[in-house]
Structure formats: structure tokens, C-alpha cells
Amino acid sequence: MSYEPQGITRRTTLKAVAAVGGAGGLALGAGAGEAGAADSSDVSSVPSVLWYAAPAADWEREALPIGNGALGAMVFGTLASEHLQFNEKTLWTGGPGSAQGYDHGNWRAPRPGAITAVQDDLDTGTTLAPESAADRLGQPRVGYGAHQTFGDLHLDLPDAPATPPSDYRRELDLDNAIASVAYTHQGVRHQREFFASYPDDVIVGRLSADRPGSVTFTLRHTSPRTDFTATAADGTLTVRGALADNGLRFEAQVRVYAEGGTVTSGAGGTLTVTGADSAWFVLAAGTDYADTYPDYRGPDPHVAVARAVRRAGRNYENLLDRHVRDHRALFARVALDIGQSLPADLPTDRLLSTYTGGTSATDRALEALYFQYGRYLLIASSRPGSLPANLQGVWNNSTTPPWSADYHVNINLQMNYWPAEAANLAETTAPYDRFVEALRAPGRRSAQEMFGSRGWVVHNETNPYGFTGVHDWATSFWFPEAAAWLTQQMYEHYRFGGSTDYLRSTAYPVMKEAAEFWLDNLRTDPRDGTLVVTPSYSPEHGDFSAGAAMSQQIVHDLFTSTLEAARTLGDAPDFRRRVEDALKRLDPGLRIGTWGQLQEWKQDLDDPADTHRHVSHLFALHPGRQIRPGSEWARAAEVSLTARGDGGTGWSKAWKINFWARLRDGDHAHTMLGEQLKSSTLPNLWDTHPPFQIDGNFGATSGVVEMLLQSQHDIIEVLPALPAAWPSGSVRGLRARGGATLDIEWADGRATRIALKASRTRELIVRSDLFGTGRHSFRAVAGRQYSWEGQD
């Protein structure tokens with residue numbers, strides 16, 4: 001049916017049609033498939049492929065990542081000896097049983113009085129240097145541990161060329177999640193394929209050639225540690241051991257199959273394939289880690305690992321098909337066309353090195369590829385059944401990685417999941433939810449021992465063993481607001497999907513308990529009678545004080561969301577009244593300073609020459625929703641953001657993309673995307689702090705979505721910050737809060753078509769210049785599709 005409801009001008013037609021397809025978006029343009037169809041042919045007009053004309057020489061800069069959430073590997077594509085460094089996400093030192101000892105709260109001398117003494121000092125409006133605060137409130141961290149590399153697989157190929165031939169190609173196909181290598185040597189075309197299968201919980205590799213009998217190699221395992229044994233028998237390499245630090249048991253098995261040749265086992269744990277037409281292997285790995293407080297131990301990994309290898313022992317084509325179908329069901333939901341095109345002979349490292357941020361179609365190709373790469377990395381590093389994506393996703397080649405490759409929760413873990421909902425990958429948040437839930441038990445103990453309060457708490461960083469206490473690195477040890485911030489993603493999952501069952505069973509209990517912590521720990525500021533967080537520290541910047549802007553904004557966000565959830569679920573009136581009363585008295589953390597800036601601290605201490613990478617006092621703009629576009633607070637935020645400049649580390653630039661998009665300045669958001677690509681991106685397109693930190697990849701993908709679609713204020717804003725560099729294009733499958741999936745087409749900087757599929761029955765408001773009045777309100781019916789098209 002077609003009709004013209006009130007508020008729609010004659011140049012726009014509204015169509016309501018029966019729902020088709022699955023969870024994805026609607027078809028855009030000729031030849032596109034049905035909504036949600038996992039058909040790689042319609043993913044993009046330009047295939048999402050990273051490719052290179054030479055093997056990788058450096059793990060961090062050049063190797064290519066594959067992963068299934070729990071397992072990850074880096075593919076080098078080297079010739080004489082193919083190299084796969086691999087990981088299992090739970091292989092961690094530290095924690096219970098650590099040789100150093102371990103206390104998850106790291107508060108070995110309970111002393112709530114120490115906090116009170118600091119609060120008394122700050123009541124007068126004075127500040128406290130971080131070093132002094134660390135002396136009084138911190139203590140050395142013990143038994144924290146670090147993520148560990150599982151080791152390296154080497155496939156030694158005696159007949160491989162010594163140098164890359166002219167037709168060598170190494171690539172990562174994002175559409176299908178397959179890393180491959182191809183070359184011709186002595187008239188024989190050789191092909192290698194590698195992927196990490198989520199359905200089968202294995203890493204798979206295959207070597208083939210177009211001349212029978214041309215595949216010969218020896219597979220072996222190495223590791224920088226010596227805490228394991230490697231044995232080979234019956235076509236299977238078994239690596240088994242226990243970490244010397246904490247006794248965590250681990251095992252990996254690699255089973256090799258050959259077609260038209262032989263597989264023999266050798267001393268020292270080697271498997272040799274000789275004279276095969278093709279050969280393939282499956283690798284499974286695991287540990288006896290379990291996310292159960294306080295022991296964090298489960299069953300020996302042997303049974304699960306052996307079962308995964310055995311079950312994967314079907315033919316290679318079957319494994320590949322299951323993997324591709326699973327991956328495409330997520331990845332193919334979203335397609336982005338911003339006018340990109342790419343010469344067939346331009347490898348990705350050259351595409352990056354020649355990027356200018358200008359108007360060329362090749363620049364657009366890199367931007368579109370980088371957006372989809374962030375989605376690929378989230379799928380590869382966060383699937384149900386394992387830990388969430390850490391600072392390096394699931395990839396780590398070290399026993400002492402930077403920042404332990406842990407979970408920093410003063411922005412980094414949260415940033416990892418910024419694109420999950422809007423970029424149509426909501427399923428990837430399940431490990432995040434489970435991880436946060438597992439922090440509650442140790443977090444309760446830390447809340448009681450450190451603060452003498454109810455609720456739960458976690459500070460600046462944490463690990464898989466429930467570390468919820470402090471350490472003594474002066475500028476990054478104190479951040480009790482982290483628990484409140486962690487709950488934000490869980491409530492966002494509800495706002496996008498609308499499941500009250502999820503809200504009741506998963507999100508709300510965590511939110512309520514975090515709110516109870518702050519109901520007990522807010523303190524009346526004698527300067528003005530408001531409730532403030534004290535001691536308060538704006539992450540990694542400035543001095544300790546009372547009521548720093550970010551602290552107040554996070555608690556405001558928590559109370560606002562928790563109150564909404566309590567009303568939705570009809571929770572106890574007395575709790576709602578307590579939150580309402582606290583919210584009324586809470587200092588909101590929004591204050592305009594003498595030079596028009598949004599103040600970072602309650603005192604006017606901001607320096608207009610300060611270019612620090614953290615812009616924490618803009619939390620209320622993004623990822624919060626306290627600041628609305630066009631408000632005085634938005635104007636002050638813009639003053640602050642302009643003063644901080646366009647520099648910073650990779651993740652900082654990514655955050656600024658989102659800030660500028662929320663300020664409706666698409667050109668500046670695009671400038672920040674360009675800055676990140678030009679100076680904070682490695683040849684394999686990993687974000688670099690430096691060193692490599694994956695949060696910048698995820699933050700940039702989120703920023704691209706924010707340019708095209710926003711819904712934080714319960715209005716679906718179409719093209720709110722479209723940059724001039726993308727005058728025409730389309731996007732398929734983005735999600736908005738309220739249960740809507742959208743496809744958008746635009747030309748000359750204006751929307752020409754909007755298609756919306758509703759997953760919930762409710763009132764929706766869509767704002768776009770496609771409508772004569774600028775916005776359209778209607779009652780969306782679950783399962784129905786609606787479209788608006790501009791007419792001449």
C-alpha cells in the first residue's frame with residue numbers, strides 16, 4: 001500500500017510493505033539480495049580484500065589476522081616456511097595459583113579510612129597530585145599476569161622459491177574471512193588457505209597445487225616458553241603443558257590430512273606430508289580456565305580439544321562451507337558504498353601509503369575497507385563462548401605483551417564494542433556481557449573492603465581473574481567509575497534490541513548493583529551541596545579532585561539508564577525514589593569555563609594550549625547522551641575539542657571521529673578518520689597507539705556509523721554528519737535504537753531513499769531532509785518494512 005501521511009510533502013512517497021528476509025537491512029539498488037541475506041555477492045561493489053605482493057616480515061605491521069573469538073592466528077605467507085602464530089584467549093598467567101600470589105582486589109590491608117582522609121582534603125576544592133594519591137591509595141600489583149602466545153606453527157616447504165615470484169599474492173578476504181597465499185614456481189601454481197571456524201572451533205589450513213604430487217611440507221610447533229611437550233603420532237601433533245607461573249593447563253592438537261600423498265610422524269613432534277596433491281590441517285586449543293570466581297578453573301582441556309579435532313575430521317569443503325556461511329551471516333549484513341573504486345594492481349600497503357584524505361575514489365576505497373575491517377575484527381575476536389576482545393583482540397605474539405594485552409576499562413574495552421549494535425553485530429556482545437557479569441562477585445568484595453559499601457566496583461583495568469582492585473601507577477590506577485561505564489553497553493543492547501527479558505535477566509541486575517555502589521559513595525560537596533564523586537580523576541590527565549566532569553557524567557548516565565530500566569521493569573518504588581533523589585542532587589558534570597570550554601574539572605583549570613590525548617570530559621557527548629546537538633553544552637564541547645587538536649594516539653583519534661560526528665561536523669569527523677589512517681594505521685590496517693591496540697579500529701568503525709546514522713536521543717537521524725568527501729553513496733543494514741534496521745541512499749549530500757525494517761512495534765521518529773518538515777513520526781509494526789523516496 002502507498003499513502004502520504006501528515007508531514008510528508010508530495011516529493012516524498014512512503015511505502016509500507018510486508019517484511020521479508022532475516023535480521024539485516026533492505027535491498028539497495030539493482031541486483032541486491034533480500035534483507036539479511038548472507039550473499040557475499042552483494043556485500044559491496046568493491047570486494048573487501050586486503051592484499052600484498054610480498055610475505056609478511058613483521059608480526060605487528062604486516063601479518064594478517066584470522067580468528068573465531070576464542071582462537072586467533074596471524075598468517076605470514078612466508079615461502080620456505082609458512083608461519084602461523086596462534087593464540088587461545090584464556091591462556092593467561094597470574095591469578096589464583098600464581099607464583100607471585102594473588103588477590104583479585106589487590107587491597108591487602110583493608111582501609112576505607114584512607115579514602116575518607118583523601119576526601120576530607122579534597123572537600124576544600126584543592127587538588128591532589130597523582131603521585132600523592134597513589135602513595136595514599138595504591139599499592140603494588142601482585143600476580144596480575146598477562147595474556148600468552150600459544151606458540152607458532154611452521155610449515156617448512158623444501159621446494160618453495162627463495163624469493164617471491166612475480167605473481168605472488170597474499171590476501172585477507174574480509175567477505176569470507178579467509179587468508180590466502182598464491183604463487184607460481186617452476187610452472188606449478190601453489191595455493192594456501194587459512195581460516196578460523198567458529199562453528200567447528202578450529203583453525204584450518206590447506207595447501208594445494210595444480211600439479212599432482214606437488215605438496216610436500218613438514219609441520220612443527222615452537223614457543224618462546226618451555227612449559228610444554230610436543231609429540232606426534234597418527235597424523236596428530238599434540239602440544240600439552242601447564243604455565244609455570246600458575247599451573248594453568250593447556251593443550252593444542254593439530255591433525256593433518258593428505259590427498260594423494262603420505263603423512264608421517266617424526267621425533268620431536270613433527271608431521272611430514274610428502275608428494276600430496278593437497279593437504280589440510282585442523283588446529284584446536286584450550287585451557288582449563290573458567291570464568292568462575294574465586295578459583296577460575298574448569299575441566300582439563302584435553303577432552304574438548306580432542307573432540308573438536310575429531311569432529312572437524314570431515315572433508316575440507318564441508319568445513320569451509322560451514323565457516324563461510326557462519327561468517328557471512330554476520331558480515332554481509334552491512335554494505336557501504338561511498339564512491340570507492342580500486343585499481344586491481346594496487347596492494348593495500350600502497351593504498352595506505354598513498355592515501356591523502358582527498359576526493360579520489362582510491363581514498364574512498366581505503367575508508368570503506370577500514371570500516372569493514374573493524375567489523376571483521378570484531379567478529380573474529382568476540383564470539384559467544386569465550387572472553388571478550390581484549391586490547392589486542394585475540395592476537396598476541398608475546399609472553400609480556402604491552403599492557404598485558406588486558407582489559408583496560410577507562411575506555412578501551414568499552415570502545416571495542418562501540419560498533420557492535422549500530423554496525424549490526426549485536427551477537428558479538430555476548431562475551432562482553434558474560435565478562436562483566438563475572439566481575440560482579442569479586443567487585444562486591446572490593447566494594448566492601450575498599451569502600452565499605454554495597455554494590456560492585458572495578459578500577460582502571462582488569463584481567464580474566466576478576467581483578468577489581470588498584471595498583472600504584474600514578475596516572476592510571478584509580479577509576480571506580482569503570483563499573484558504571486561497563487554497564488552502558490549492556491543497556492545500549494537493550495535500547496537497540498528491546499528485549500525486556502534480556503534487560504531483566506542480564507543488564508538490569510548489573511546496572512542496579514553498580515548504581516547501589518554510587519548511592520553509597522557519592523559525597524555532598526560542601527562548596528555547593530551537590531553530590532560528587534570523590535576522589536575523582538579524569539583518566540590519565542591532571543590532578544585528583546572532587547567532581548571531575550567525566551566522573552559526574554558517567555554516574556549521571558548510569559542513574560539515568562538505571563532509572564529508565566527500573567521503570568520499564570516495575571522495580572521496587574523505594575529504589576527508584578533513591579535514584580531519582582540522587583539524580584536531582586547530582587552535579588551533572590557540565591560546566592562552561594572562562595574561555596567557553598566544557599570544563600574537565602569542577603574547578604576552571606583547563607588550559608587552552610593542552611592537547612592531551614584523553615578528552616574524557618566529553619563523555620556526555622559520546623558515548624553518553626547527556627549533551628544534545630545545538631545546545632550550549634555542545635558548543636562548549638566543540639570549543640574544548642578544537643583546543644585539544646587533531647593529534648593523539650590511534651584510539652584517541654578514533655574517539656574524535658565520534659565526537660565530531662555527534663557535533664554534526666561531518667567534515668571534521670572525516671578529517672579525523674584521515675588522520676588516523678595517515679599516521680596511526682599499520683600496513684595490515686591495524687590501529688597503532690603505538691604499539692598496536694585494536695580499540696582504534698573499532699572506534700573508527702563506530703565513527704563512520706555515527707556520520708551516517710545516529711539515534712542516541714530516540715530520534716533516528718539520517719545522515720547527521722555526512723562529509724562533503726562522500727557526496728553520493730549508499731549504506732545497507734545499519735541499526736538504530738528502538739528496533740530499526742536502515743538502508744540509506746544519498747546524492748549531492750542529501751538522502752534520496754530511506755528504507756526501514758522494524759523489529760519492534762512502537763512509535764518511531766525519523767529525521768531527514770528527505771521530509772519537508774524535517775522529521776516523520778509513525779507507528780512501526782514489528783516485521784514490516786517502510787521506505788521513503790525522493791521524487792523529482
# chains A, B, ... in the order shown; residues from 1 in each chain; ligands from 1
>>> residues_around(residues="Trp485 of chain A", least_positions_apart="6", cutoff="12 Å", atoms="only C-alpha atoms", output="VMD selection string")
chain A and resid 408 to 415 436 457 to 460 479 491 to 492 510 to 511 514 to 515 550 to 559 561 619 to 620 622 to 624
>>> write_last_selection(atoms="N, CA and C atoms", output="short mmCIF file (atom, residue, chain, number, x, y, z; two decimals), in the first residue's frame")
data_model
loop_
_atom_site.label_atom_id
_atom_site.label_comp_id
_atom_site.auth_asym_id
_atom_site.auth_seq_id
_atom_site.Cartn_x
_atom_site.Cartn_y
_atom_site.Cartn_z
N HIS A 408 41.60 -2.85 29.71
CA HIS A 408 41.56 -1.51 30.29
C HIS A 408 40.12 -1.01 30.20
N VAL A 409 39.59 -0.58 31.34
CA VAL A 409 38.17 -0.23 31.37
C VAL A 409 37.97 1.25 31.69
N ASN A 410 39.00 2.06 31.38
CA ASN A 410 38.79 3.51 31.45
C ASN A 410 38.52 4.07 30.05
N ILE A 411 38.35 3.19 29.07
CA ILE A 411 37.77 3.47 27.76
C ILE A 411 37.94 2.29 26.81
N ASN A 412 39.04 1.56 26.91
CA ASN A 412 39.45 0.68 25.82
C ASN A 412 38.50 -0.49 25.58
N LEU A 413 38.13 -1.23 26.63
CA LEU A 413 37.20 -2.33 26.44
C LEU A 413 35.86 -1.80 25.95
N GLN A 414 35.42 -0.68 26.51
CA GLN A 414 34.15 -0.11 26.06
C GLN A 414 34.20 0.27 24.58
N MET A 415 35.29 0.89 24.14
CA MET A 415 35.43 1.29 22.74
C MET A 415 35.40 0.09 21.81
N VAL A 436 31.44 -9.06 32.12
CA VAL A 436 31.02 -8.07 33.11
C VAL A 436 30.27 -8.75 34.25
N VAL A 457 32.46 -2.90 42.13
CA VAL A 457 33.38 -1.90 41.62
C VAL A 457 34.51 -2.59 40.87
N VAL A 458 35.04 -1.91 39.88
CA VAL A 458 36.28 -2.31 39.22
C VAL A 458 36.98 -1.01 38.85
N HIS A 459 38.29 -1.03 38.83
CA HIS A 459 39.03 0.22 38.61
C HIS A 459 39.53 0.32 37.17
N ASN A 460 40.74 0.77 37.00
CA ASN A 460 41.24 1.18 35.70
C ASN A 460 41.40 0.04 34.71
N PHE A 479 40.00 4.42 39.12
CA PHE A 479 38.87 4.73 38.25
C PHE A 479 37.67 3.88 38.66
N TYR A 491 23.03 -1.70 28.56
CA TYR A 491 21.76 -1.00 28.38
C TYR A 491 21.57 -0.60 26.92
N GLU A 492 22.64 -0.27 26.22
CA GLU A 492 22.53 0.03 24.80
C GLU A 492 22.04 -1.19 24.02
N VAL A 510 23.08 -5.98 36.81
CA VAL A 510 24.42 -5.39 36.83
C VAL A 510 24.34 -3.88 37.01
N MET A 511 23.40 -3.26 36.30
CA MET A 511 23.22 -1.82 36.41
C MET A 511 22.78 -1.42 37.80
N ALA A 514 25.60 -1.62 40.29
CA ALA A 514 26.55 -0.53 40.09
C ALA A 514 25.98 0.78 40.62
N ALA A 515 24.67 0.99 40.43
CA ALA A 515 24.03 2.20 40.95
C ALA A 515 24.04 2.20 42.47
N MET A 550 34.12 13.93 33.89
CA MET A 550 33.82 12.59 33.41
C MET A 550 33.18 11.73 34.50
N SER A 551 33.69 11.83 35.72
CA SER A 551 33.13 11.05 36.82
C SER A 551 31.65 11.35 36.98
N GLN A 552 31.32 12.62 36.98
CA GLN A 552 29.93 13.02 37.17
C GLN A 552 29.06 12.59 36.01
N GLN A 553 29.58 12.72 34.80
CA GLN A 553 28.80 12.37 33.61
C GLN A 553 28.52 10.87 33.55
N ILE A 554 29.51 10.05 33.94
CA ILE A 554 29.31 8.60 33.93
C ILE A 554 28.24 8.21 34.94
N VAL A 555 28.31 8.76 36.15
CA VAL A 555 27.30 8.43 37.16
C VAL A 555 25.93 8.95 36.73
N HIS A 556 25.89 10.12 36.12
CA HIS A 556 24.62 10.64 35.59
C HIS A 556 24.05 9.69 34.55
N ASP A 557 24.88 9.20 33.66
CA ASP A 557 24.45 8.25 32.63
C ASP A 557 23.94 6.98 33.27
N LEU A 558 24.65 6.46 34.27
CA LEU A 558 24.23 5.24 34.95
C LEU A 558 22.89 5.43 35.63
N PHE A 559 22.74 6.51 36.40
CA PHE A 559 21.48 6.74 37.11
C PHE A 559 20.33 6.93 36.13
N SER A 561 19.99 5.76 33.02
CA SER A 561 19.64 4.49 32.38
C SER A 561 19.02 3.51 33.37
N PHE A 619 32.62 12.85 27.58
CA PHE A 619 31.86 11.60 27.68
C PHE A 619 30.37 11.85 27.47
N ALA A 620 29.86 12.96 27.99
CA ALA A 620 28.43 13.25 27.88
C ALA A 620 27.99 13.47 26.44
N HIS A 622 29.72 11.79 23.72
CA HIS A 622 29.89 10.44 23.20
C HIS A 622 30.86 9.68 24.10
N PRO A 623 30.52 8.49 24.54
CA PRO A 623 29.37 7.68 24.14
C PRO A 623 28.09 7.96 24.92
N GLY A 624 28.12 8.98 25.79
CA GLY A 624 26.93 9.34 26.54
C GLY A 624 25.90 10.05 25.67
#
>>> select_by_dssp(residues="segment 296-360 of chain A", states="strand (DSSP E or B)", output="PyMOL selection string")
chain A and resi 297+335-337
>>> write_last_selection(atoms="C-alpha atoms", output="short mmCIF file (atom, residue, chain, number, x, y, z; two decimals), in the first residue's frame")
data_model
loop_
_atom_site.label_atom_id
_atom_site.label_comp_id
_atom_site.auth_asym_id
_atom_site.auth_seq_id
_atom_site.Cartn_x
_atom_site.Cartn_y
_atom_site.Cartn_z
CA ARG A 297 39.48 -23.29 36.92
CA ALA A 335 27.44 -2.79 2.87
CA LEU A 336 28.91 0.68 2.36
CA ASP A 337 29.28 2.48 -0.96
#
>>> atom_distance(atom1="atom CA of Gly674 of chain A", atom2="atom CA of Tyr373 of chain A")
15.5 Å
>>> atom_distance(atom1="atom CA of Gly772 of chain A", atom2="atom CA of Thr752 of chain A")
12.7 Å
>>> closest_residue(among="A:Leu708, A:Leu569, A:Ala747, A:Leu673", to="Leu734 of chain A", atoms="only C-alpha atoms")
A:Leu708
>>> decode(residues="segment 194-223 of chain A", atoms="N, CA and C atoms", output="tab-separated table (two decimals), in the first residue's frame")
chain	number	residue	atom	x	y	z
A	194	PHE	N	43.71	-20.26	4.79
A	194	PHE	CA	43.63	-20.40	6.24
A	194	PHE	C	42.38	-19.68	6.74
A	195	PHE	N	41.68	-20.30	7.66
A	195	PHE	CA	40.54	-19.64	8.28
A	195	PHE	C	40.33	-20.20	9.69
A	196	ALA	N	39.62	-19.43	10.50
A	196	ALA	CA	39.30	-19.83	11.87
A	196	ALA	C	37.80	-20.02	11.96
A	197	SER	N	37.37	-21.25	12.12
A	197	SER	CA	35.95	-21.60	12.06
A	197	SER	C	35.32	-21.49	13.44
A	198	TYR	N	34.27	-20.66	13.54
A	198	TYR	CA	33.50	-20.62	14.79
A	198	TYR	C	32.60	-21.85	14.93
A	199	PRO	N	31.89	-22.30	13.89
A	199	PRO	CA	31.03	-23.47	14.07
A	199	PRO	C	31.79	-24.71	14.52
A	200	ASP	N	33.03	-24.89	14.07
A	200	ASP	CA	33.78	-26.08	14.41
A	200	ASP	C	34.87	-25.84	15.45
A	201	ASP	N	35.06	-24.58	15.87
A	201	ASP	CA	36.01	-24.22	16.93
A	201	ASP	C	37.43	-24.70	16.60
A	202	VAL	N	37.85	-24.47	15.36
A	202	VAL	CA	39.19	-24.87	14.94
A	202	VAL	C	39.75	-23.82	13.98
A	203	ILE	N	41.06	-23.81	13.89
A	203	ILE	CA	41.76	-23.10	12.82
A	203	ILE	C	42.09	-24.13	11.75
A	204	VAL	N	41.87	-23.75	10.50
A	204	VAL	CA	42.02	-24.69	9.38
A	204	VAL	C	42.98	-24.11	8.37
A	205	GLY	N	43.84	-24.95	7.82
A	205	GLY	CA	44.73	-24.54	6.74
A	205	GLY	C	44.79	-25.59	5.65
A	206	ARG	N	44.97	-25.14	4.42
A	206	ARG	CA	45.04	-26.09	3.30
A	206	ARG	C	46.10	-25.62	2.31
A	207	LEU	N	46.93	-26.54	1.86
A	207	LEU	CA	47.92	-26.28	0.83
A	207	LEU	C	47.58	-27.15	-0.37
A	208	SER	N	47.59	-26.53	-1.55
A	208	SER	CA	47.26	-27.28	-2.76
A	208	SER	C	48.12	-26.79	-3.91
A	209	ALA	N	48.11	-27.54	-5.00
A	209	ALA	CA	48.87	-27.18	-6.20
A	209	ALA	C	48.12	-27.74	-7.41
A	210	ASP	N	48.35	-27.12	-8.57
A	210	ASP	CA	47.64	-27.57	-9.76
A	210	ASP	C	48.36	-28.68	-10.50
A	211	ARG	N	49.46	-29.19	-9.95
A	211	ARG	CA	50.13	-30.37	-10.50
A	211	ARG	C	50.12	-31.46	-9.43
A	212	PRO	N	49.60	-32.63	-9.71
A	212	PRO	CA	49.52	-33.69	-8.71
A	212	PRO	C	50.89	-34.00	-8.09
A	213	GLY	N	50.85	-34.29	-6.79
A	213	GLY	CA	52.06	-34.71	-6.08
A	213	GLY	C	53.01	-33.59	-5.73
A	214	SER	N	52.56	-32.33	-5.83
A	214	SER	CA	53.48	-31.18	-5.65
A	214	SER	C	53.44	-30.57	-4.26
A	215	VAL	N	52.70	-31.18	-3.33
A	215	VAL	CA	52.60	-30.60	-1.97
A	215	VAL	C	53.42	-31.44	-1.01
A	216	THR	N	54.51	-30.87	-0.52
A	216	THR	CA	55.37	-31.51	0.46
A	216	THR	C	55.76	-30.47	1.51
A	217	PHE	N	55.59	-30.81	2.78
A	217	PHE	CA	56.00	-29.88	3.86
A	217	PHE	C	56.11	-30.66	5.17
A	218	THR	N	56.80	-30.05	6.13
A	218	THR	CA	56.89	-30.57	7.49
A	218	THR	C	56.31	-29.54	8.44
A	219	LEU	N	55.37	-29.98	9.26
A	219	LEU	CA	54.71	-29.10	10.22
A	219	LEU	C	55.33	-29.31	11.60
A	220	ARG	N	55.66	-28.19	12.25
A	220	ARG	CA	56.24	-28.24	13.60
A	220	ARG	C	55.73	-27.07	14.42
A	221	HIS	N	55.90	-27.18	15.73
A	221	HIS	CA	55.44	-26.16	16.67
A	221	HIS	C	56.62	-25.62	17.46
A	222	THR	N	56.65	-24.30	17.67
A	222	THR	CA	57.63	-23.68	18.55
A	222	THR	C	56.92	-22.72	19.49
A	223	SER	N	57.59	-22.36	20.56
A	223	SER	CA	57.03	-21.42	21.53
A	223	SER	C	58.17	-20.74	22.26
